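> Here's a structure for you.
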Amino acid sequence: MSEEKTTVEQEAVADDDAVLDEQTGQPTPEETDGEPEAAAADADAVSPEAAAEGEAENAEGTAENENAQAAKGEKKSPFKKKEKKKDKRDERIEELTDQVKRQMAEFENFRRRTEKEKTQMYEVGAKSIIEKILPVVDNFERGLAAVPEEQKSDAFVDGMDKIYKQMMTVFAEMGVKPIEAVGKEFDPEYHNAVMQVESEEFESGVVAQELQKGYMYRDSVVRHSMVAVVQ
């Protein structure tokens, strides 16, 4: 009887342990026996190809994440924006500098052209006045040339001669000078031949006589010399 009682008590204790396991929700030692070993075996059973593919996928994901972070960093970086703004500012400065240089060059050309036009207008005006005064000079020369030798010492004649010399001095200061003609080779740019003469003193083509004096204003002819050329 005592042995049967002991066996019954052991079965009751085992039943109580099973109940406790059901209440805690944890597997009994019997149920868990062999499961860790099976999980370890399954982990060891993964093929090398699958492992390599997993590593490649992880590497690609890491690279993509790094690229995405780098792209975000570039977009969010304030230095890039500053460089772009600086580049645009420099381009604008270069454009404005080029415009200023062009305007300065145009202004310089305009100034030179204006000065040249003023000089030409002044020369035209001066030549026009000189042409009107030359007949007066011609009359002075003709009048003084017609005075007899014995009357050249008269006060009136002396006064007229001084006025004539003063006019020629003013002409020289203005840049007006007579054209040399007698004894010079005929030049159509300075001489106007109105007749041909024979001469033992000069060769053919040389001016032998000056009928009307010509004048130049600086480098331009105001009036051509009227001359007679040896034939």
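A note on labels: chains of the structure tokens are A, B, ... as shown, every chain counts residues from 1, and ligands are counted from 1 in their shown order.
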Report the closest atom pair, with its distance in Å rounded to one decimal, for each residue of stretch 109-145 of chain A that has an atom no farther than 12 Å from stretch 202-224 of chain A; count only C-alpha atoms, sort by chain and then rising residue number, and write it as CSV.

residue,atom,partner,partner_atom,distance
A:Gln120,CA,A:Ser220,CA,11.4
A:Tyr122,CA,A:Tyr217,CA,11.7
A:Glu123,CA,A:Tyr217,CA,8.3
A:Val124,CA,A:Val222,CA,9.9
A:Gly125,CA,A:Tyr217,CA,11.4
A:Ala126,CA,A:Tyr217,CA,8.4
A:Lys127,CA,A:Val222,CA,6.2
A:Ser128,CA,A:Val222,CA,8.4
A:Ile129,CA,A:Val222,CA,10.2
A:Ile130,CA,A:Val222,CA,7.6
A:Glu131,CA,A:Val222,CA,6.7
A:Lys132,CA,A:Val222,CA,10.5
A:Ile133,CA,A:Val222,CA,11.3
A:Leu134,CA,A:Tyr215,CA,8.6
A:Pro135,CA,A:Gln212,CA,10.2
A:Val137,CA,A:Lys213,CA,9.9
A:Asp138,CA,A:Lys213,CA,8.0
A:Asn139,CA,A:Gln212,CA,11.1
A:Glu141,CA,A:Lys213,CA,10.0
A:Arg142,CA,A:Gln212,CA,10.4
> Store the residues picked out above in a file with N, CA and C atoms, as a PDB file, in the first residue's frame.

ATOM      1  N   GLN A 120      38.082 120.817 -89.013  1.00  0.00           N
ATOM      2  CA  GLN A 120      37.742 120.993 -90.426  1.00  0.00           C
ATOM      3  C   GLN A 120      36.842 122.214 -90.623  1.00  0.00           C
ATOM      4  N   TYR A 122      36.682 124.809 -88.674  1.00  0.00           N
ATOM      5  CA  TYR A 122      37.494 126.004 -88.442  1.00  0.00           C
ATOM      6  C   TYR A 122      38.335 126.326 -89.659  1.00  0.00           C
ATOM      7  N   GLU A 123      38.945 125.285 -90.259  1.00  0.00           N
ATOM      8  CA  GLU A 123      39.767 125.503 -91.439  1.00  0.00           C
ATOM      9  C   GLU A 123      38.942 126.029 -92.608  1.00  0.00           C
ATOM     10  N   VAL A 124      37.737 125.470 -92.757  1.00  0.00           N
ATOM     11  CA  VAL A 124      36.870 125.951 -93.849  1.00  0.00           C
ATOM     12  C   VAL A 124      36.516 127.416 -93.644  1.00  0.00           C
ATOM     13  N   GLY A 125      36.175 127.755 -92.385  1.00  0.00           N
ATOM     14  CA  GLY A 125      35.834 129.153 -92.097  1.00  0.00           C
ATOM     15  C   GLY A 125      37.023 130.078 -92.278  1.00  0.00           C
ATOM     16  N   ALA A 126      38.201 129.635 -91.820  1.00  0.00           N
ATOM     17  CA  ALA A 126      39.396 130.459 -91.962  1.00  0.00           C
ATOM     18  C   ALA A 126      39.748 130.660 -93.436  1.00  0.00           C
ATOM     19  N   LYS A 127      39.658 129.582 -94.225  1.00  0.00           N
ATOM     20  CA  LYS A 127      39.963 129.691 -95.652  1.00  0.00           C
ATOM     21  C   LYS A 127      38.989 130.637 -96.347  1.00  0.00           C
ATOM     22  N   SER A 128      37.734 130.573 -95.912  1.00  0.00           N
ATOM     23  CA  SER A 128      36.749 131.479 -96.533  1.00  0.00           C
ATOM     24  C   SER A 128      37.093 132.937 -96.255  1.00  0.00           C
ATOM     25  N   ILE A 129      37.503 133.258 -95.025  1.00  0.00           N
ATOM     26  CA  ILE A 129      37.867 134.645 -94.683  1.00  0.00           C
ATOM     27  C   ILE A 129      39.131 135.063 -95.419  1.00  0.00           C
ATOM     28  N   ILE A 130      40.096 134.150 -95.496  1.00  0.00           N
ATOM     29  CA  ILE A 130      41.354 134.477 -96.185  1.00  0.00           C
ATOM     30  C   ILE A 130      41.103 134.779 -97.662  1.00  0.00           C
ATOM     31  N   GLU A 131      40.252 133.980 -98.280  1.00  0.00           N
ATOM     32  CA  GLU A 131      39.933 134.214 -99.690  1.00  0.00           C
ATOM     33  C   GLU A 131      39.322 135.602 -99.916  1.00  0.00           C
ATOM     34  N   LYS A 132      38.561 136.090 -98.936  1.00  0.00           N
ATOM     35  CA  LYS A 132      37.955 137.406 -99.075  1.00  0.00           C
ATOM     36  C   LYS A 132      38.962 138.524 -98.829  1.00  0.00           C
ATOM     37  N   ILE A 133      39.981 138.248 -98.023  1.00  0.00           N
ATOM     38  CA  ILE A 133      40.995 139.271 -97.731  1.00  0.00           C
ATOM     39  C   ILE A 133      42.062 139.336 -98.823  1.00  0.00           C
ATOM     40  N   LEU A 134      42.297 138.239 -99.544  1.00  0.00           N
ATOM     41  CA  LEU A 134      43.375 138.214-100.531  1.00  0.00           C
ATOM     42  C   LEU A 134      43.233 139.295-101.617  1.00  0.00           C
ATOM     43  N   PRO A 135      42.031 139.593-102.118  1.00  0.00           N
ATOM     44  CA  PRO A 135      41.941 140.688-103.105  1.00  0.00           C
ATOM     45  C   PRO A 135      42.440 142.028-102.563  1.00  0.00           C
ATOM     46  N   VAL A 137      44.838 142.343-100.340  1.00  0.00           N
ATOM     47  CA  VAL A 137      46.299 142.222-100.365  1.00  0.00           C
ATOM     48  C   VAL A 137      46.811 142.447-101.782  1.00  0.00           C
ATOM     49  N   ASP A 138      46.103 141.915-102.764  1.00  0.00           N
ATOM     50  CA  ASP A 138      46.510 142.109-104.167  1.00  0.00           C
ATOM     51  C   ASP A 138      46.504 143.589-104.529  1.00  0.00           C
ATOM     52  N   ASN A 139      45.503 144.312-104.079  1.00  0.00           N
ATOM     53  CA  ASN A 139      45.418 145.742-104.399  1.00  0.00           C
ATOM     54  C   ASN A 139      46.559 146.516-103.725  1.00  0.00           C
ATOM     55  N   GLU A 141      49.516 145.329-103.130  1.00  0.00           N
ATOM     56  CA  GLU A 141      50.731 145.024-103.882  1.00  0.00           C
ATOM     57  C   GLU A 141      50.745 145.792-105.213  1.00  0.00           C
ATOM     58  N   ARG A 142      49.597 145.836-105.876  1.00  0.00           N
ATOM     59  CA  ARG A 142      49.556 146.564-107.161  1.00  0.00           C
ATOM     60  C   ARG A 142      49.785 148.053-106.924  1.00  0.00           C
TER      61      ARG A 142
END
> Need to verify the contact set: A:Ala193, 9 Å, only C-alpha atoms, exclusion of same-chain residues closer than 5 positions in sequence. Can you return it as a PyMOL selection string?
chain A and resi 186+188+207+225-229
> Would you write out those residues with N, CA and C atoms, as a compact mmCIF listing (two decimals), in the first residue's frame?

# COMPACT_ATOMS: atom_id res chain seq x y z
N PHE A 186 56.54 123.50 -112.97
CA PHE A 186 55.07 123.63 -112.92
C PHE A 186 54.46 122.43 -112.19
N PRO A 188 50.55 121.26 -111.06
CA PRO A 188 49.13 121.61 -111.15
C PRO A 188 48.44 121.69 -109.78
N VAL A 207 58.01 127.62 -114.43
CA VAL A 207 57.23 128.85 -114.33
C VAL A 207 58.17 130.03 -114.55
N SER A 225 48.37 129.74 -107.71
CA SER A 225 49.12 130.81 -108.37
C SER A 225 48.80 130.83 -109.86
N MET A 226 48.51 132.02 -110.36
CA MET A 226 48.26 132.19 -111.82
C MET A 226 49.60 132.48 -112.47
N VAL A 227 50.06 131.60 -113.35
CA VAL A 227 51.43 131.68 -113.85
C VAL A 227 51.48 131.51 -115.36
N ALA A 228 52.67 131.87 -115.89
CA ALA A 228 53.01 131.65 -117.30
C ALA A 228 54.15 130.66 -117.33
N VAL A 229 54.01 129.60 -118.14
CA VAL A 229 54.98 128.49 -118.15
C VAL A 229 55.76 128.53 -119.46
> Name the residues in contact with stretch 156-167 of chain A at a cut-off of 8 Å, using only C-alpha atoms, excluding same-chain residues fewer than 3 positions from it; report them as a PyMOL selection string.
chain A and resi 137+140-141+144+147+151-153+170-171
> What would the file look like if the residues just selected were written as a short mmCIF file (atom, residue, chain, number, x, y, z; two decimals), in the first residue's frame with N, CA and C atoms?

data_model
loop_
_atom_site.label_atom_id
_atom_site.label_comp_id
_atom_site.auth_asym_id
_atom_site.auth_seq_id
_atom_site.Cartn_x
_atom_site.Cartn_y
_atom_site.Cartn_z
N VAL A 137 44.84 142.34 -100.34
CA VAL A 137 46.30 142.22 -100.37
C VAL A 137 46.81 142.45 -101.78
N PHE A 140 46.89 146.11 -102.48
CA PHE A 140 48.03 146.75 -101.84
C PHE A 140 49.31 146.53 -102.66
N GLU A 141 49.52 145.33 -103.13
CA GLU A 141 50.73 145.02 -103.88
C GLU A 141 50.75 145.79 -105.21
N LEU A 144 51.41 149.57 -104.43
CA LEU A 144 52.80 149.84 -104.07
C LEU A 144 53.74 149.63 -105.26
N VAL A 147 53.83 152.81 -107.58
CA VAL A 147 54.37 154.07 -107.05
C VAL A 147 55.73 154.33 -107.70
N GLN A 151 58.70 158.74 -105.34
CA GLN A 151 57.64 158.99 -104.37
C GLN A 151 57.57 157.92 -103.26
N LYS A 152 58.43 156.94 -103.29
CA LYS A 152 58.38 155.88 -102.29
C LYS A 152 58.75 156.37 -100.89
N SER A 153 59.40 157.51 -100.80
CA SER A 153 59.76 158.06 -99.49
C SER A 153 58.67 158.92 -98.89
N VAL A 170 50.49 139.11 -89.96
CA VAL A 170 49.32 138.41 -89.39
C VAL A 170 49.05 137.14 -90.16
N PHE A 171 49.15 137.18 -91.47
CA PHE A 171 48.95 135.99 -92.28
C PHE A 171 49.95 134.88 -91.87
#
> What is the distance, in Å and to one decimal place, between atom CA of A:Gln231 and atom CA of A:Glu200?
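Separation between atom CA of A:Gln231 and atom CA of A:Glu200: 11.0 Å.
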> Please identify which residues in stretch 55-216 of chain A DSSP calls alpha helix (DSSP H) from the backbone, and express them as a ChimeraX atom specification.
/A:55-76,78-146,155-174
> Here is a test: counting only C-alpha atoms, which residue of A:Phe110, A:Asp154, A:Tyr190, A:Met104 is nearest to A:Pro178?
A:Tyr190
